[in-house]
Protein chains: 2
Amino acid sequence: MKYKKVNSDLIAQFEAIVDQSAIILDREQLIQYAKDETEDLKYFPEVVIKPGSVEEVSKIVKLCNEHYIPITPRGAGTGLSGGALPIYGGVVLSVERLDKILNIDERNLQITVEPGVITQVLQETVAEKGLFYPPDPASRGSCFIGGNIAENSGGPKAVKYGVVKDYVLNLEVVLPNGEMIWTGANVLKNATGYNLTQLVVGSEGTLGIVTKIVLKLIPHPKHDLLMLVPFTSAEKACEAVSEIFRAGVTPSAMEFMERDAIEWSLKYNNKSTIQLDDETEAHLLIEVDGNYPDILMEECETIMKIVEQFDCGDILFADNAKQKEDLWQLRRTVGEAVKANSIYKEEDTVVPRAELPELLKGVKEIGKKYGFKSVCYGHAGDGNLHINIIKGDMSNDDWNERLSEGIKEIFQLCHQLGGTISGEHGIGLVQKEYLNIVFSDLQIDLMRSIKGIFDPNGIMNPGKIF
Amino acid sequence: MKYKKVNSDLIAQFEAIVDQSAIILDREQLIQYAKDETEDLKYFPEVVIKPGSVEEVSKIVKLCNEHYIPITPRGAGTGLSGGALPIYGGVVLSVERLDKILNIDERNLQITVEPGVITQVLQETVAEKGLFYPPDPASRGSCFIGGNIAENSGGPKAVKYGVVKDYVLNLEVVLPNGEMIWTGANVLKNATGYNLTQLVVGSEGTLGIVTKIVLKLIPHPKHDLLMLVPFTSAEKACEAVSEIFRAGVTPSAMEFMERDAIEWSLKYNNKSTIQLDDETEAHLLIEVDGNYPDILMEECETIMKIVEQFDCGDILFADNAKQKEDLWQLRRTVGEAVKANSIYKEEDTVVPRAELPELLKGVKEIGKKYGFKSVCYGHAGDGNLHINIIKGDMSNDDWNERLSEGIKEIFQLCHQLGGTISGEHGIGLVQKEYLNIVFSDLQIDLMRSIKGIFDPNGIMNPGKIF
């Protein structure tokens with residue numbers, strides 16, 4: 001291993017850069033930086049540093065680069081692929097103190113923020129001015145915008161409004177040598193050189209540390225309608241999804257939940273918001289938004305006509321803000337609910353939307369073959385299906401040894417269907433063994449070589465993606 | 001110069017790959033591949049090859065790479081930055097025979113095409129199925145989708161629907177060593193490795209040759225309204241632009257034309273579609289689209305209320321398809337009209353939308369300082385202003401020597417305003433001397449190094465961008 005350890009001499013140098021209170025060495029405190037939301041993985045950093053300015057970030061990174069100290073950039077630690085885990089120890093560089101909204105440019109519908117701003121705070125701040133930043137991962141109440149950039153996050157609204165990459169105009173990045181660049185310009189169109197902005201978005205902190213972010217905003221839609229549609233067949237629910245889009249309606253959310261998902265979430269939230277019919281196998285949570293209530297009603301009617309053709313049950317319309325929030329809360333906490341219920345592994349498959357029924361069917365068949373159950377849910381409108389594989393009665397040996405074969409089969413199926421192995425969670429640590437299912441050596445070599453240009457010493461979030 | 005010449009031995013090898021009729025050596029025929037739509041530049045290739053399959057592309061590229069023969073990929077030759085000019089001779093690889101629409105996937109709202117499909121043909125083919133591919137460069141009647149990918153083209157609809165990059169899901173690319181990769185997957189969300197797709201989009205043919213393209217489609221809007229609004233002040237017209245967006249209306253086109261632009265276009269088209277008032281200094285051509293005529297009327301009323309505050313004249317509403325097409329024709333041929341009228345240079349500036357008045361004012365001031373006139377027009381909603389600099393009475397010496405200083409000042413102003421030097425035309429050949437206005441050496445080195453990974457021998461469209 002080429003990496004060096006963080007010695008007391010280096011600590012002293014860090015202390016010359018940032019305030020001592022921004023350096024964590026105590027093991028009791030380090031533990032919260034040893035984990036993220038990925039299974040129960042735990043890797044201790046040697047030190048956590050919380051810089052308060054881009055200049056401090058730059059100096060810390062430069063020092064680490066000179067001394068071959070691995071750096072793991074960290075947002076709020078809500079990641080689901082282990083991207084923020086310091087697997088080689090070294091420095092965790094937390095952006096939590098870089099938490100300022102620097103400028104809301106209402107003339108140009110843009111916002112400039114630091115990476116440590118909580119996504120929901122950003123959203124609510126701009127909403128007060130009638131503006132909208134749509135990407136809304138389930139963790140939006142705690143995750144940082146910087147982490148969202150690293151993973152190219154999505155969320156329910158992506159189906160109508162796109163993912164993070166569609167809103168990032170320009171990024172200030174501290175490169176692994178400590179130098180700072182802007183990746184583009186604050187413009188809606190750009191044909192000036194290679195698109196470094198889009199290269200950094202979704203690069204999972206392996207190319208540098210994002211220190212400022214310029215995002216595009218749009219006018220906030222004034223109204224929305226939300227409906228929960230039960231189906232007696234999960235596959236039929238999936239089939240209804242692409243029919244709705246083919247009818248020319250683009251919902252602002254189109255979420256799929258298997259019965260277990262919503263049942264466990266109801267229990268987890270200790271709610272009885274909805275009554276589950278015995279025959280219900282899955283739900284679609286469908287939202288439409290816009291500025292004209294009449295049109296939203298019309299769109300809902302179109303949707304209703306379609307879902308009826310796929311054996312749906314009684315549709316629940318949320319008729320006030322509280323009920324809407326309750327339904328969204330149920331959807332957002334599915335992941336946590338599953339987690340609380342069993343040992344699990346979460347996969348983040350994505351296929352072309354109309355291939356969802358095929359994917360779901362395949363997942364269940366593969367489950368039978370390998371002896372695992374799965375709870376499936378996610379952003380059906382994008383073809384993005386989260387598959388929570390449940391340990392249940394599986395033996396430890398099967399879980400630890402045989403399961404990865406089953407996961408491989410799922411990912412191979414995704415690839416066959418024109419899809420890939422992550423829609424919004426990233427590859428990070430836990431998916432990298434599967435990367436060669438969707439990429440040839442040639443593709444991976446290209447990516448590795450790009451990494452090498454940015455980070456010749458390999459200090460920036462090592463062991464991730466590749 | 002490291003490049004080799006194409007000798008008879010190589011020609012024989014090319015003839016073993018493609019049919020002889022797909023190889024052009026005759027100077028009379030080569031001339032049409034020596035030019036594009038950029039000023040009056042002319043560079044002859046040694047040979048033009050028109051492969052008929054990706055396998056042929058691969059073999060040709062491999063051969064050129066082994067023999068250090070420069071390759072210039074070429075679409076329809078409608079580029080405005082000289083990207084398709086073979087400045088080092090060698091091979092022009094024309095994709096004109098790769099002109100098939102391979103698959104329209106109505107279930108998933110996707111289309112797979114070869115690069116030589118004419119953009120308008122693609123648009124009309126999907127429109128017949130009620131689907132919409134929005135990016136529509138002015139040259140859409142003749143340009144190829146492959147060239148649009150290379151330049152990350154925009155067009156009037158970009159303001160509401162985004163540019164080419166927002167529709168590209170996946171690309172098949174022949175790399176400079178002749179190997180073939182797909183850059184991503186056919187999905188709407190993707191967090192699997194670096195975004196090679198977006199690295200190739202807008203890379204102006206310097207990283208490889210795109211041989212298949214998977215595009216996202218959307219439902220086609222059913223109605224549109226078009227209005228032409230005259231203003232007594234060009235700056236006020238620009239000021240009105242950002243106010244319209246701030247009012248929550250997102251038009252599907254928001255085009256700006258200075259008086260000269262529309263006057264010359266009227267003359268060029270030999271039309272009297274509109275009467276120009278003596279006091280009119282500029283026009284906005286504004287389109288709204290959607291599925292509900294009542295709402296479009298409401299949006300038009302909102303727009304009218306706003307433009308009235310900026311001293312507009314009598315608004316012309318296009319009340320039938322013919323009149324709409326006439327107005328669009330006027331707009332689309334402004335570039336050609338200016339070209340027919342004078343020696344010119346076209347710049348493709350872009351700034352945040354609300355900075356347009358400042359940019360326009362600055363351009364005119366810089367023009368006075370250097371003694372040039374300019375005709376400005378373009379996609380005001382995106383802040384993308386095309387500046388046609390007119391030679392007029394300028395001396396040849398001033399035109400050839402001094403003008404580039406003036407252009408530098410314009411670009412510096414763009415940069416100061418948060419913008420950059422190309423919104424949709426690319427850097428190509430003619431803008432590369434200005435690249436260091438917006439990028440530091442560090443940024444340019446990163447881009448060059450990425451180029452080096454893809455193309456270590458530097459054979460792929462050499463002399464462009466950098």
# chains A, B, ... in the order shown; residues from 1 in each chain; ligands from 1
>>> closest_atom_pairs(of="stretch 48-150 of chain B", to="stretch 251-270 of chain B", cutoff="12 Å", atoms="only C-alpha atoms", output="Markdown table")
| residue | atom | partner | partner_atom | distance |
| --- | --- | --- | --- | --- |
| B:Pro134 | CA | B:Ser252 | CA | 9.7 |
| B:Pro135 | CA | B:Ser252 | CA | 11.2 |
| B:Asp136 | CA | B:Ala253 | CA | 10.8 |
| B:Ala138 | CA | B:Glu255 | CA | 11.9 |
>>> residues_around(residues="stretch 406-411 of chain A", least_positions_apart="3", cutoff="9 Å", atoms="only C-alpha atoms", output="list of chain:residue names")
A:Glu347, A:Thr349, A:Leu359, A:Gly362, A:Val363, A:Ile366, A:Gly367, A:Lys369, A:Tyr370, A:Phe372, A:Arg402, A:Leu403, A:Cys414, A:His415, A:Gln416, A:Gly419, A:Thr420, A:Ile421, A:Tyr434, A:Ile437, A:Val438
>>> closest_residue(among="A:Ile390, A:Val375, A:Leu196, A:Leu316", to="chain B", atoms="only C-alpha atoms")
A:Leu196
>>> residues_around(residues="A:Ala321", least_positions_apart="3", cutoff="12 Å", atoms="only C-alpha atoms", output="list in words")
His223, Asp224, Leu225, Leu226, Phe317, Ala318, Lys324, Glu325, Asp326, Leu327 and Trp328 of chain A
>>> atom_distance(atom1="atom CA of A:Leu413", atom2="atom CA of A:Tyr344")
20.5 Å
>>> select_by_dssp(residues="stretch 55-102 of chain A", states="strand (DSSP E)", output="PyMOL selection string")
chain A and resi 71-74+91-94+101-102
>>> closest_atom_pairs(of="chain B", to="chain A", cutoff="7 Å", atoms="only C-alpha atoms", output="JSON lines")
{"residue": "B:Arg107", "atom": "CA", "partner": "A:Ala354", "partner_atom": "CA", "distance": 5.8}
{"residue": "B:Asn108", "atom": "CA", "partner": "A:Ala354", "partner_atom": "CA", "distance": 5.6}
{"residue": "B:Glu151", "atom": "CA", "partner": "A:Ala191", "partner_atom": "CA", "distance": 6.4}
{"residue": "B:Asn152", "atom": "CA", "partner": "A:Ala191", "partner_atom": "CA", "distance": 6.1}
{"residue": "B:Ile181", "atom": "CA", "partner": "A:Gln443", "partner_atom": "CA", "distance": 6.8}
{"residue": "B:Ala185", "atom": "CA", "partner": "A:Gly419", "partner_atom": "CA", "distance": 5.5}
{"residue": "B:Asn186", "atom": "CA", "partner": "A:Gly418", "partner_atom": "CA", "distance": 5.4}
{"residue": "B:Val187", "atom": "CA", "partner": "A:Pro352", "partner_atom": "CA", "distance": 5.3}
{"residue": "B:Leu188", "atom": "CA", "partner": "A:Asp382", "partner_atom": "CA", "distance": 5.9}
{"residue": "B:Lys189", "atom": "CA", "partner": "A:Gly423", "partner_atom": "CA", "distance": 4.9}
{"residue": "B:Asn190", "atom": "CA", "partner": "A:Gly423", "partner_atom": "CA", "distance": 4.3}
{"residue": "B:Ala191", "atom": "CA", "partner": "A:Gly426", "partner_atom": "CA", "distance": 4.7}
{"residue": "B:Thr192", "atom": "CA", "partner": "A:Ser422", "partner_atom": "CA", "distance": 5.3}
{"residue": "B:Gly193", "atom": "CA", "partner": "A:Ile465", "partner_atom": "CA", "distance": 6.4}
{"residue": "B:Tyr194", "atom": "CA", "partner": "A:Ser203", "partner_atom": "CA", "distance": 5.6}
{"residue": "B:Asn195", "atom": "CA", "partner": "A:Leu199", "partner_atom": "CA", "distance": 5.6}
{"residue": "B:Gln198", "atom": "CA", "partner": "A:Gln198", "partner_atom": "CA", "distance": 6.3}
{"residue": "B:Leu199", "atom": "CA", "partner": "A:Asn195", "partner_atom": "CA", "distance": 5.6}
{"residue": "B:Gly202", "atom": "CA", "partner": "A:Ala191", "partner_atom": "CA", "distance": 6.0}
{"residue": "B:Ser203", "atom": "CA", "partner": "A:Tyr194", "partner_atom": "CA", "distance": 5.6}
{"residue": "B:Pro219", "atom": "CA", "partner": "A:Gly248", "partner_atom": "CA", "distance": 5.3}
{"residue": "B:Ser242", "atom": "CA", "partner": "A:Arg107", "partner_atom": "CA", "distance": 6.7}
{"residue": "B:Gly248", "atom": "CA", "partner": "A:Pro219", "partner_atom": "CA", "distance": 5.3}
{"residue": "B:Val350", "atom": "CA", "partner": "A:Val187", "partner_atom": "CA", "distance": 6.8}
{"residue": "B:Val351", "atom": "CA", "partner": "A:Val187", "partner_atom": "CA", "distance": 5.8}
{"residue": "B:Pro352", "atom": "CA", "partner": "A:Val187", "partner_atom": "CA", "distance": 5.2}
{"residue": "B:Arg353", "atom": "CA", "partner": "A:Asn108", "partner_atom": "CA", "distance": 5.9}
{"residue": "B:Ala354", "atom": "CA", "partner": "A:Asn108", "partner_atom": "CA", "distance": 5.6}
{"residue": "B:Asp382", "atom": "CA", "partner": "A:Leu188", "partner_atom": "CA", "distance": 5.9}
{"residue": "B:Gly418", "atom": "CA", "partner": "A:Asn186", "partner_atom": "CA", "distance": 5.4}
{"residue": "B:Gly419", "atom": "CA", "partner": "A:Ala185", "partner_atom": "CA", "distance": 5.5}
{"residue": "B:Thr420", "atom": "CA", "partner": "A:Ala185", "partner_atom": "CA", "distance": 6.2}
{"residue": "B:Ile421", "atom": "CA", "partner": "A:Thr192", "partner_atom": "CA", "distance": 6.6}
{"residue": "B:Ser422", "atom": "CA", "partner": "A:Ala191", "partner_atom": "CA", "distance": 5.2}
{"residue": "B:Gly423", "atom": "CA", "partner": "A:Asn190", "partner_atom": "CA", "distance": 4.3}
{"residue": "B:Glu424", "atom": "CA", "partner": "A:Ala191", "partner_atom": "CA", "distance": 5.0}
{"residue": "B:His425", "atom": "CA", "partner": "A:Ala191", "partner_atom": "CA", "distance": 6.4}
{"residue": "B:Gly426", "atom": "CA", "partner": "A:Ala191", "partner_atom": "CA", "distance": 4.7}
{"residue": "B:Ile427", "atom": "CA", "partner": "A:Thr192", "partner_atom": "CA", "distance": 5.9}
{"residue": "B:Gln443", "atom": "CA", "partner": "A:Ile181", "partner_atom": "CA", "distance": 6.8}
{"residue": "B:Met447", "atom": "CA", "partner": "A:Tyr194", "partner_atom": "CA", "distance": 6.4}
{"residue": "B:Ser449", "atom": "CA", "partner": "A:Ile453", "partner_atom": "CA", "distance": 6.7}
{"residue": "B:Ile450", "atom": "CA", "partner": "A:Ile450", "partner_atom": "CA", "distance": 6.3}
{"residue": "B:Ile453", "atom": "CA", "partner": "A:Ser449", "partner_atom": "CA", "distance": 6.7}
{"residue": "B:Ile465", "atom": "CA", "partner": "A:Gly193", "partner_atom": "CA", "distance": 6.4}
>>> select_by_dssp(residues="stretch 310-421 of chain B", states="alpha helix (DSSP H)", output="JSON, numbers by chain")
{"B": [321, 322, 323, 324, 325, 326, 327, 328, 329, 330, 331, 332, 334, 335, 336, 337, 338, 339, 340, 341, 356, 357, 358, 359, 360, 361, 362, 363, 364, 365, 366, 367, 368, 369, 370, 396, 397, 403, 404, 405, 406, 407, 408, 409, 410, 411, 412, 413, 414, 415, 416]}
>>> residues_around(residues="stretch 84-89 of chain B", least_positions_apart="3", cutoff="6 Å", atoms="only C-alpha atoms", output="MDAnalysis selection string")
chainID B and resid 43:46 72 74
>>> write_last_selection(atoms="N, CA, C and O atoms", output="PDB file, in the first residue's frame")
ATOM      1  N   TYR B  43     -10.084  24.151 -46.631  1.00  0.00           N
ATOM      2  CA  TYR B  43      -8.928  23.256 -46.408  1.00  0.00           C
ATOM      3  C   TYR B  43      -9.234  21.939 -47.118  1.00  0.00           C
ATOM      4  O   TYR B  43     -10.222  21.279 -46.790  1.00  0.00           O
ATOM      5  N   PHE B  44      -8.414  21.543 -48.013  1.00  0.00           N
ATOM      6  CA  PHE B  44      -8.676  20.305 -48.755  1.00  0.00           C
ATOM      7  C   PHE B  44      -8.207  19.073 -47.989  1.00  0.00           C
ATOM      8  O   PHE B  44      -7.094  19.051 -47.482  1.00  0.00           O
ATOM      9  N   PRO B  45      -9.061  18.070 -47.936  1.00  0.00           N
ATOM     10  CA  PRO B  45      -8.598  16.782 -47.426  1.00  0.00           C
ATOM     11  C   PRO B  45      -7.816  16.079 -48.545  1.00  0.00           C
ATOM     12  O   PRO B  45      -7.930  16.454 -49.718  1.00  0.00           O
ATOM     13  N   GLU B  46      -7.026  15.040 -48.176  1.00  0.00           N
ATOM     14  CA  GLU B  46      -6.377  14.247 -49.220  1.00  0.00           C
ATOM     15  C   GLU B  46      -7.371  13.246 -49.799  1.00  0.00           C
ATOM     16  O   GLU B  46      -7.332  12.935 -50.980  1.00  0.00           O
ATOM     17  N   THR B  72     -10.744  13.818 -39.997  1.00  0.00           N
ATOM     18  CA  THR B  72     -11.722  14.848 -39.635  1.00  0.00           C
ATOM     19  C   THR B  72     -13.119  14.275 -39.853  1.00  0.00           C
ATOM     20  O   THR B  72     -13.519  14.044 -40.990  1.00  0.00           O
ATOM     21  N   ARG B  74     -17.027  14.258 -40.341  1.00  0.00           N
ATOM     22  CA  ARG B  74     -17.851  15.286 -40.981  1.00  0.00           C
ATOM     23  C   ARG B  74     -19.305  14.864 -41.057  1.00  0.00           C
ATOM     24  O   ARG B  74     -19.625  13.748 -41.449  1.00  0.00           O
TER      25      ARG B  74
END
>>> atom_distance(atom1="atom CA of A:Gly75", atom2="atom CA of A:Ile31")
15.1 Å
>>> atom_distance(atom1="atom CA of A:Met297", atom2="atom CA of A:Pro230")
19.3 Å
>>> residues_around(residues="B:Asn388", least_positions_apart="6", cutoff="6 Å", atoms="only C-alpha atoms", output="list in words")
Lys345, Glu346, Ser374 and Val375 of chain B
>>> closest_residue(among="A:Glu336, A:Glu298, A:Asp314, A:Asp36", to="A:His283", atoms="only C-alpha atoms")
A:Asp314
>>> closest_residue(among="B:Ser81, B:Tyr68, B:Val307, B:Asp397", to="B:Glu433", atoms="only C-alpha atoms")
B:Ser81
>>> closest_residue(among="A:Asn320, A:Leu25, A:Ile149, A:Gly52", to="A:Asn170", atoms="only C-alpha atoms")
A:Ile149
>>> closest_residue(among="B:Leu360, B:Leu217, B:Val18, B:Ile343", to="B:Gln123", atoms="only C-alpha atoms")
B:Leu217
>>> decode(residues="stretch 161-172 of chain B", atoms="all heavy atoms", output="short mmCIF file (atom, residue, chain, number, x, y, z; two decimals), in the first residue's frame")
data_model
loop_
_atom_site.label_atom_id
_atom_site.label_comp_id
_atom_site.auth_asym_id
_atom_site.auth_seq_id
_atom_site.Cartn_x
_atom_site.Cartn_y
_atom_site.Cartn_z
N TYR B 161 -36.93 23.48 -23.62
CA TYR B 161 -36.74 22.03 -23.67
C TYR B 161 -35.30 21.56 -23.52
O TYR B 161 -35.06 20.36 -23.46
CB TYR B 161 -37.32 21.49 -24.98
CG TYR B 161 -38.83 21.61 -25.06
CD1 TYR B 161 -39.45 22.59 -25.84
CD2 TYR B 161 -39.65 20.75 -24.33
CE1 TYR B 161 -40.83 22.69 -25.90
CE2 TYR B 161 -41.03 20.86 -24.38
CZ TYR B 161 -41.62 21.82 -25.17
OH TYR B 161 -42.99 21.92 -25.21
N GLY B 162 -34.35 22.49 -23.44
CA GLY B 162 -32.96 22.07 -23.30
C GLY B 162 -32.27 21.83 -24.62
O GLY B 162 -32.90 21.88 -25.68
N VAL B 163 -30.97 21.59 -24.53
CA VAL B 163 -30.15 21.41 -25.73
C VAL B 163 -29.93 19.93 -25.99
O VAL B 163 -30.49 19.07 -25.29
CB VAL B 163 -28.81 22.17 -25.58
CG1 VAL B 163 -29.02 23.67 -25.51
CG2 VAL B 163 -28.03 21.67 -24.37
N VAL B 164 -29.13 19.63 -26.98
CA VAL B 164 -28.88 18.24 -27.37
C VAL B 164 -28.48 17.37 -26.18
O VAL B 164 -28.98 16.26 -26.02
CB VAL B 164 -27.80 18.19 -28.48
CG1 VAL B 164 -27.28 16.78 -28.67
CG2 VAL B 164 -28.38 18.71 -29.79
N LYS B 165 -27.58 17.88 -25.35
CA LYS B 165 -27.08 17.05 -24.24
C LYS B 165 -28.21 16.54 -23.34
O LYS B 165 -28.06 15.49 -22.71
CB LYS B 165 -26.03 17.80 -23.42
CG LYS B 165 -26.56 18.75 -22.37
CD LYS B 165 -25.43 19.22 -21.45
CE LYS B 165 -25.86 20.29 -20.48
NZ LYS B 165 -27.14 20.12 -19.80
N ASP B 166 -29.29 17.27 -23.29
CA ASP B 166 -30.40 16.88 -22.42
C ASP B 166 -31.23 15.73 -23.01
O ASP B 166 -32.14 15.23 -22.36
CB ASP B 166 -31.29 18.09 -22.15
CG ASP B 166 -30.49 19.21 -21.49
OD1 ASP B 166 -29.86 18.94 -20.46
OD2 ASP B 166 -30.47 20.33 -22.02
N TYR B 167 -30.95 15.35 -24.25
CA TYR B 167 -31.71 14.28 -24.91
C TYR B 167 -30.88 13.05 -25.24
O TYR B 167 -31.43 12.03 -25.63
CB TYR B 167 -32.40 14.83 -26.17
CG TYR B 167 -33.48 15.79 -25.75
CD1 TYR B 167 -33.19 17.11 -25.47
CD2 TYR B 167 -34.77 15.34 -25.48
CE1 TYR B 167 -34.17 17.98 -24.99
CE2 TYR B 167 -35.74 16.18 -25.01
CZ TYR B 167 -35.43 17.51 -24.76
OH TYR B 167 -36.39 18.35 -24.26
N VAL B 168 -29.57 13.16 -25.05
CA VAL B 168 -28.71 12.02 -25.40
C VAL B 168 -28.61 11.07 -24.22
O VAL B 168 -28.15 11.43 -23.14
CB VAL B 168 -27.30 12.50 -25.78
CG1 VAL B 168 -26.44 11.31 -26.20
CG2 VAL B 168 -27.36 13.52 -26.90
N LEU B 169 -29.06 9.83 -24.43
CA LEU B 169 -28.99 8.83 -23.37
C LEU B 169 -27.74 7.98 -23.49
O LEU B 169 -27.15 7.58 -22.49
CB LEU B 169 -30.23 7.92 -23.41
CG LEU B 169 -31.59 8.61 -23.24
CD1 LEU B 169 -32.70 7.58 -23.34
CD2 LEU B 169 -31.66 9.33 -21.90
N ASN B 170 -27.33 7.68 -24.70
CA ASN B 170 -26.29 6.68 -24.88
C ASN B 170 -25.72 6.86 -26.28
O ASN B 170 -26.44 7.19 -27.21
CB ASN B 170 -26.91 5.28 -24.72
CG ASN B 170 -25.92 4.20 -24.35
OD1 ASN B 170 -24.72 4.46 -24.23
ND2 ASN B 170 -26.40 2.98 -24.19
N LEU B 171 -24.42 6.62 -26.40
CA LEU B 171 -23.75 6.79 -27.69
C LEU B 171 -22.84 5.61 -27.99
O LEU B 171 -22.10 5.17 -27.09
CB LEU B 171 -22.89 8.06 -27.67
CG LEU B 171 -23.60 9.41 -27.52
CD1 LEU B 171 -22.58 10.52 -27.29
CD2 LEU B 171 -24.45 9.70 -28.73
N GLU B 172 -22.89 5.14 -29.19
CA GLU B 172 -21.87 4.20 -29.66
C GLU B 172 -20.78 5.03 -30.31
O GLU B 172 -21.06 5.85 -31.19
CB GLU B 172 -22.46 3.22 -30.67
CG GLU B 172 -21.47 2.16 -31.14
CD GLU B 172 -22.03 1.33 -32.30
OE1 GLU B 172 -22.07 1.85 -33.44
OE2 GLU B 172 -22.43 0.18 -32.07
#
